[in-house]
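Source file: upload17.pdb (PDB, C-alpha atoms)
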ATOM      1  CA  MET Y 182      81.529  68.842  37.838  1.00  0.00           C
ATOM      2  CA  LYS Y 183      83.837  68.600  40.872  1.00  0.00           C
ATOM      3  CA  ARG Y 184      80.990  68.863  43.351  1.00  0.00           C
ATOM      4  CA  GLY Y 185      79.053  66.269  41.341  1.00  0.00           C
ATOM      5  CA  LEU Y 186      82.018  63.899  41.467  1.00  0.00           C
ATOM      6  CA  VAL Y 187      82.420  64.397  45.203  1.00  0.00           C
ATOM      7  CA  LYS Y 188      78.687  63.766  45.751  1.00  0.00           C
ATOM      8  CA  ARG Y 189      78.930  60.603  43.657  1.00  0.00           C
ATOM      9  CA  VAL Y 190      81.903  59.420  45.711  1.00  0.00           C
ATOM     10  CA  GLU Y 191      80.079  60.177  48.969  1.00  0.00           C
ATOM     11  CA  ARG Y 192      77.051  58.138  47.800  1.00  0.00           C
ATOM     12  CA  LEU Y 193      79.331  55.235  46.898  1.00  0.00           C
ATOM     13  CA  GLU Y 194      81.030  55.429  50.289  1.00  0.00           C
ATOM     14  CA  ARG Y 195      77.688  55.007  52.023  1.00  0.00           C
ATOM     15  CA  VAL Y 196      76.804  51.953  49.920  1.00  0.00           C
ATOM     16  CA  MET Y 197      80.179  50.213  49.629  1.00  0.00           C
ATOM     17  CA  PRO Y 198      81.333  48.126  52.577  1.00  0.00           C
ATOM     18  CA  THR Y 199      84.331  49.501  54.456  1.00  0.00           C
ATOM     19  CA  ASP Y 200      87.640  47.685  54.293  1.00  0.00           C
ATOM     20  CA  ASP Y 201      91.379  48.326  54.637  1.00  0.00           C
ATOM     21  CA  PHE Y 202      91.262  50.660  51.655  1.00  0.00           C
ATOM     22  CA  ASP Y 203      88.549  52.885  53.117  1.00  0.00           C
ATOM     23  CA  PHE Y 204      88.956  56.613  52.465  1.00  0.00           C
ATOM     24  CA  ARG Y 205      86.977  59.839  52.544  1.00  0.00           C
ATOM     25  CA  PHE Y 206      86.995  62.556  49.902  1.00  0.00           C
ATOM     26  CA  THR Y 207      86.765  66.256  50.548  1.00  0.00           C
ATOM     27  CA  LEU Y 208      87.140  69.146  48.168  1.00  0.00           C
ATOM     28  CA  GLY Y 209      90.162  70.300  50.168  1.00  0.00           C
ATOM     29  CA  ASP Y 210      92.588  72.266  47.980  1.00  0.00           C
ATOM     30  CA  TYR Y 211      90.599  71.407  44.876  1.00  0.00           C
ATOM     31  CA  GLY Y 212      87.584  73.634  45.440  1.00  0.00           C
ATOM     32  CA  PRO Y 213      85.534  75.243  42.682  1.00  0.00           C
ATOM     33  CA  GLY Y 214      87.382  77.782  40.590  1.00  0.00           C
ATOM     34  CA  THR Y 215      90.876  76.610  41.531  1.00  0.00           C
ATOM     35  CA  SER Y 216      93.215  75.504  38.787  1.00  0.00           C
ATOM     36  CA  GLN Y 217      95.992  73.061  39.557  1.00  0.00           C
ATOM     37  CA  GLU Y 218      97.380  72.965  36.009  1.00  0.00           C
ATOM     38  CA  GLY Y 219     101.003  73.524  36.998  1.00  0.00           C
ATOM     39  CA  ALA Y 220     100.841  71.793  40.410  1.00  0.00           C
ATOM     40  CA  ALA Y 221     101.928  68.255  41.186  1.00  0.00           C
ATOM     41  CA  ILE Y 222      99.185  65.651  41.400  1.00  0.00           C
ATOM     42  CA  ASN Y 223      98.526  64.137  44.811  1.00  0.00           C
ATOM     43  CA  LEU Y 224      99.257  60.452  44.144  1.00  0.00           C
ATOM     44  CA  VAL Y 225      97.294  59.264  47.195  1.00  0.00           C
ATOM     45  CA  LYS Y 226      94.153  61.017  45.942  1.00  0.00           C
ATOM     46  CA  LEU Y 227      94.870  59.710  42.431  1.00  0.00           C
ATOM     47  CA  GLU Y 228      95.027  56.133  43.723  1.00  0.00           C
ATOM     48  CA  GLN Y 229      91.750  56.633  45.582  1.00  0.00           C
ATOM     49  CA  LEU Y 230      90.053  57.951  42.461  1.00  0.00           C
ATOM     50  CA  CYS Y 231      91.385  55.005  40.458  1.00  0.00           C
ATOM     51  CA  MET Y 232      89.969  52.640  43.093  1.00  0.00           C
ATOM     52  CA  LEU Y 233      86.561  53.973  42.051  1.00  0.00           C
ATOM     53  CA  HIS Y 234      87.462  53.417  38.371  1.00  0.00           C
ATOM     54  CA  CYS Y 235      87.039  57.118  37.577  1.00  0.00           C
ATOM     55  CA  THR Y 236      87.595  58.149  33.984  1.00  0.00           C
ATOM     56  CA  ASP Y 237      90.447  60.443  32.931  1.00  0.00           C
ATOM     57  CA  GLN Y 238      87.876  63.227  32.521  1.00  0.00           C
ATOM     58  CA  GLU Y 239      86.670  62.796  36.113  1.00  0.00           C
ATOM     59  CA  ILE Y 240      90.227  62.668  37.452  1.00  0.00           C
ATOM     60  CA  ALA Y 241      91.225  65.777  35.491  1.00  0.00           C
ATOM     61  CA  SER Y 242      88.124  67.584  36.681  1.00  0.00           C
ATOM     62  CA  TYR Y 243      88.816  66.636  40.296  1.00  0.00           C
ATOM     63  CA  PHE Y 244      92.368  67.965  40.138  1.00  0.00           C
ATOM     64  CA  GLY Y 245      91.385  71.029  38.095  1.00  0.00           C
ATOM     65  CA  MET Y 246      93.412  70.208  34.996  1.00  0.00           C
ATOM     66  CA  THR Y 247      92.935  68.968  31.453  1.00  0.00           C
ATOM     67  CA  THR Y 248      92.681  65.386  30.246  1.00  0.00           C
ATOM     68  CA  GLU Y 249      95.757  66.032  28.109  1.00  0.00           C
ATOM     69  CA  ARG Y 250      97.754  66.628  31.287  1.00  0.00           C
ATOM     70  CA  ILE Y 251      96.502  63.338  32.729  1.00  0.00           C
ATOM     71  CA  ALA Y 252      97.435  61.535  29.496  1.00  0.00           C
ATOM     72  CA  GLN Y 253     100.889  63.154  29.610  1.00  0.00           C
ATOM     73  CA  GLU Y 254     101.390  62.181  33.269  1.00  0.00           C
ATOM     74  CA  ARG Y 255     100.250  58.618  32.517  1.00  0.00           C
ATOM     75  CA  ARG Y 256     103.459  58.167  30.474  1.00  0.00           C
ATOM     76  CA  SER Y 257     105.408  58.470  33.714  1.00  0.00           C
ATOM     77  CA  PRO Y 258     106.083  54.985  35.195  1.00  0.00           C
ATOM     78  CA  GLN Y 259     105.316  56.117  38.746  1.00  0.00           C
ATOM     79  CA  PHE Y 260     102.012  57.741  37.749  1.00  0.00           C
ATOM     80  CA  ALA Y 261     100.950  54.704  35.678  1.00  0.00           C
ATOM     81  CA  GLU Y 262     101.866  52.364  38.547  1.00  0.00           C
ATOM     82  CA  VAL Y 263      99.736  54.361  41.000  1.00  0.00           C
ATOM     83  CA  MET Y 264      96.773  54.268  38.604  1.00  0.00           C
ATOM     84  CA  GLU Y 265      97.122  50.513  38.019  1.00  0.00           C
ATOM     85  CA  ARG Y 266      97.457  49.843  41.748  1.00  0.00           C
ATOM     86  CA  GLY Y 267      94.339  51.913  42.452  1.00  0.00           C
ATOM     87  CA  GLN Y 268      92.334  50.066  39.797  1.00  0.00           C
ATOM     88  CA  ALA Y 269      93.539  46.716  41.170  1.00  0.00           C
ATOM     89  CA  LYS Y 270      92.484  47.712  44.682  1.00  0.00           C
ATOM     90  CA  GLY Y 271      89.103  48.751  43.302  1.00  0.00           C
ATOM     91  CA  LYS Y 272      88.659  45.340  41.673  1.00  0.00           C
ATOM     92  CA  ILE Y 273      89.603  43.647  44.940  1.00  0.00           C
ATOM     93  CA  ALA Y 274      86.979  45.721  46.768  1.00  0.00           C
ATOM     94  CA  ILE Y 275      84.372  44.710  44.171  1.00  0.00           C
ATOM     95  CA  ARG Y 276      85.273  41.031  44.577  1.00  0.00           C
ATOM     96  CA  ARG Y 277      85.092  41.393  48.355  1.00  0.00           C
ATOM     97  CA  GLY Y 278      81.583  42.787  47.992  1.00  0.00           C
ATOM     98  CA  GLN Y 279      80.651  39.941  45.649  1.00  0.00           C
ATOM     99  CA  MET Y 280      81.891  37.373  48.156  1.00  0.00           C
ATOM    100  CA  ARG Y 281      79.827  39.031  50.909  1.00  0.00           C
ATOM    101  CA  LEU Y 282      76.736  38.760  48.709  1.00  0.00           C
ATOM    102  CA  LEU Y 283      77.550  35.109  48.020  1.00  0.00           C
ATOM    103  CA  GLU Y 284      77.906  34.436  51.751  1.00  0.00           C
ATOM    104  CA  LYS Y 285      74.472  36.004  52.319  1.00  0.00           C
ATOM    105  CA  GLY Y 286      72.969  33.439  49.940  1.00  0.00           C
ATOM    106  CA  SER Y 287      72.717  35.222  46.596  1.00  0.00           C
ATOM    107  CA  SER Y 288      72.448  32.384  44.057  1.00  0.00           C
ATOM    108  CA  THR Y 289      72.954  34.787  41.156  1.00  0.00           C
ATOM    109  CA  MET Y 290      76.263  35.899  42.665  1.00  0.00           C
ATOM    110  CA  GLY Y 291      77.242  32.226  43.088  1.00  0.00           C
ATOM    111  CA  VAL Y 292      76.680  31.579  39.394  1.00  0.00           C
ATOM    112  CA  LEU Y 293      78.558  34.752  38.417  1.00  0.00           C
ATOM    113  CA  LEU Y 294      81.583  33.959  40.598  1.00  0.00           C
ATOM    114  CA  GLY Y 295      81.534  30.345  39.439  1.00  0.00           C
ATOM    115  CA  ARG Y 296      81.833  31.528  35.855  1.00  0.00           C
ATOM    116  CA  GLN Y 297      84.460  34.203  36.555  1.00  0.00           C
ATOM    117  CA  VAL Y 298      86.678  32.529  39.129  1.00  0.00           C
ATOM    118  CA  LEU Y 299      86.210  28.808  38.535  1.00  0.00           C
ATOM    119  CA  GLY Y 300      85.647  28.963  34.771  1.00  0.00           C
ATOM    120  CA  GLN Y 301      82.380  27.046  35.040  1.00  0.00           C
ATOM    121  CA  ARG Y 302      80.249  27.027  31.918  1.00  0.00           C
ATOM    122  CA  GLU Y 303      77.032  25.406  30.802  1.00  0.00           C
ATOM    123  CA  GLU Y 304      77.418  22.321  28.636  1.00  0.00           C
ATOM    124  CA  GLY Y 305      77.704  23.173  24.971  1.00  0.00           C
ATOM    125  CA  ASP Y 306      75.942  19.917  24.021  1.00  0.00           C
ATOM    126  CA  ALA Y 307      72.732  20.947  25.758  1.00  0.00           C
ATOM    127  CA  THR Y 308      72.202  23.838  23.354  1.00  0.00           C
ATOM    128  CA  ASN Y 309      73.014  21.800  20.237  1.00  0.00           C
ATOM    129  CA  ARG Y 310      70.548  18.965  20.888  1.00  0.00           C
ATOM    130  CA  PRO Y 311      67.444  18.917  18.708  1.00  0.00           C
ATOM    131  CA  ILE Y 312      64.216  19.655  20.521  1.00  0.00           C
ATOM    132  CA  PRO Y 313      61.844  16.666  20.275  1.00  0.00           C
ATOM    133  CA  VAL Y 314      58.514  17.406  18.622  1.00  0.00           C
ATOM    134  CA  ILE Y 315      55.492  15.788  20.247  1.00  0.00           C
ATOM    135  CA  VAL Y 316      52.320  15.510  18.196  1.00  0.00           C
ATOM    136  CA  ILE Y 317      49.168  15.585  20.322  1.00  0.00           C
ATOM    137  CA  PRO Y 318      46.040  14.243  18.631  1.00  0.00           C
ATOM    138  CA  SER Y 319      42.941  16.393  18.714  1.00  0.00           C
ATOM    139  CA  VAL Y 320      40.732  15.623  21.726  1.00  0.00           C
ATOM    140  CA  ILE Y 321      38.131  18.313  21.103  1.00  0.00           C
ATOM    141  CA  PRO Y 322      35.041  16.961  19.349  1.00  0.00           C
ATOM    142  CA  ALA Y 323      34.063  18.704  16.185  1.00  0.00           C
ATOM    143  CA  LYS Y 324      30.304  18.906  16.981  1.00  0.00           C
ATOM    144  CA  GLN Y 325      28.857  21.532  19.329  1.00  0.00           C
ATOM    145  CA  GLU Y 326      26.583  19.004  21.095  1.00  0.00           C
ATOM    146  CA  ALA Y 327      29.492  16.702  21.910  1.00  0.00           C
ATOM    147  CA  MET Y 328      31.459  19.631  23.361  1.00  0.00           C
ATOM    148  CA  GLN Y 329      28.544  20.554  25.663  1.00  0.00           C
ATOM    149  CA  GLU Y 330      28.286  16.953  26.852  1.00  0.00           C
ATOM    150  CA  MET Y 331      31.952  16.990  27.775  1.00  0.00           C
ATOM    151  CA  ALA Y 332      31.533  20.249  29.707  1.00  0.00           C
ATOM    152  CA  ILE Y 333      28.723  18.874  31.914  1.00  0.00           C
ATOM    153  CA  PRO Y 334      29.847  16.324  34.542  1.00  0.00           C
ATOM    154  CA  GLU Y 335      28.502  12.806  34.014  1.00  0.00           C
ATOM    155  CA  GLU Y 336      26.576  12.737  37.325  1.00  0.00           C
ATOM    156  CA  ILE Y 337      24.531  15.788  36.336  1.00  0.00           C
ATOM    157  CA  ARG Y 338      23.846  14.372  32.874  1.00  0.00           C
ATOM    158  CA  ARG Y 339      22.507  11.143  34.402  1.00  0.00           C
ATOM    159  CA  ARG Y 340      20.423  13.029  36.928  1.00  0.00           C
ATOM    160  CA  PHE Y 341      18.718  15.195  34.297  1.00  0.00           C
ATOM    161  CA  GLY Y 342      18.622  12.545  31.585  1.00  0.00           C
ATOM    162  CA  SER Y 343      20.808  14.370  29.106  1.00  0.00           C
TER     163      SER Y 343
END

For the file at hand, write its structure as structure tokens.
Amino acid sequence: MKRGLVKRVERLERVMPTDDFDFRFTLGDYGPGTSQEGAAINLVKLEQLCMLHCTDQEIASYFGMTTERIAQERRSPQFAEVMERGQAKGKIAIRRGQMRLLEKGSSTMGVLLGRQVLGQREEGDATNRPIPVIVIPSVIPAKQEAMQEMAIPEEIRRRFGS
């Protein structure tokens, strides 16, 4: 699970644009088979994991502890503040990426940001208007011979005397 998380982070690092909050993960002290149940949690690494919006299960797995320990630590004001700050920085990085896509000309991203940031919405009246019904009279003749005459251009009919 830890190696999978690290591989996932490394893939994200290659795709995500770099910024002031750029960081690199390594297994470091948290290699396979090590348990950090009684050890203090590295708050810098915690903030970096929260920037990626990792779940409690992923964070616990990374640090080699249980989700109950993460839930217990979350009650601490300092721990909760670090997690919130990391998630906020992650949202800022996502917005930065969205703005880069908008600058490159992505119309879909323009619509999305217009809705999220500017509160733009489609008119509600447009969806409530009745759709007009247009009745088109039948233009297809009922007889087979008349249909064949319509299919042959008039010049050819004159030429062959049809």

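Of the residues under consideration (Y:Met280, Y:Leu294, Y:Ala220, Y:Met264), Y:Met264 shows the shortest atom-to-atom contact distance to Asp237 (chain Y) when counting all atoms listed in the file.
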
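Residue nearest Gln259 (chain Y), chosen from Y:Leu227, Y:Ala332, Y:Ile337, Y:Leu299 and counting all atoms listed in the file: Y:Leu227.
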
Point to revise | Polymer residues at most 10 Å from Lys270 (chain Y), all atoms listed in the file, same-chain spacing of 2 or more positions, as a list in words | key: Phe202, Glu228, Gln229, Cys231, Met232, Leu233, His234, Met264, Glu265, Arg266, Gly267, Gln268, Lys272, Ile273, Ala274, Ile275 and Arg276 of chain Y

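For the atom pair formed by CA of Ser287 (chain Y) and CA of Cys235 (chain Y), the distance is 27.7 Å, given to one decimal.
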
Practice item. Please write the residues picked by the PyMOL selection byres ((chain Y and resi 222) around 10) on this file as a ChimeraX atom specification. Key: /Y:217-221,223-227,241,244,246,251,254,260

Point to revise | Nearest-residue call for Tyr243 (chain Y), choices Y:Leu230, Y:Glu336, Y:Pro311, Y:Val292, using all atoms listed in the file | key: Y:Leu230

Study note, to complete from the structure: A straight line from CA of Arg281 (chain Y) to CA of Gly300 (chain Y) spans 19.9 Å
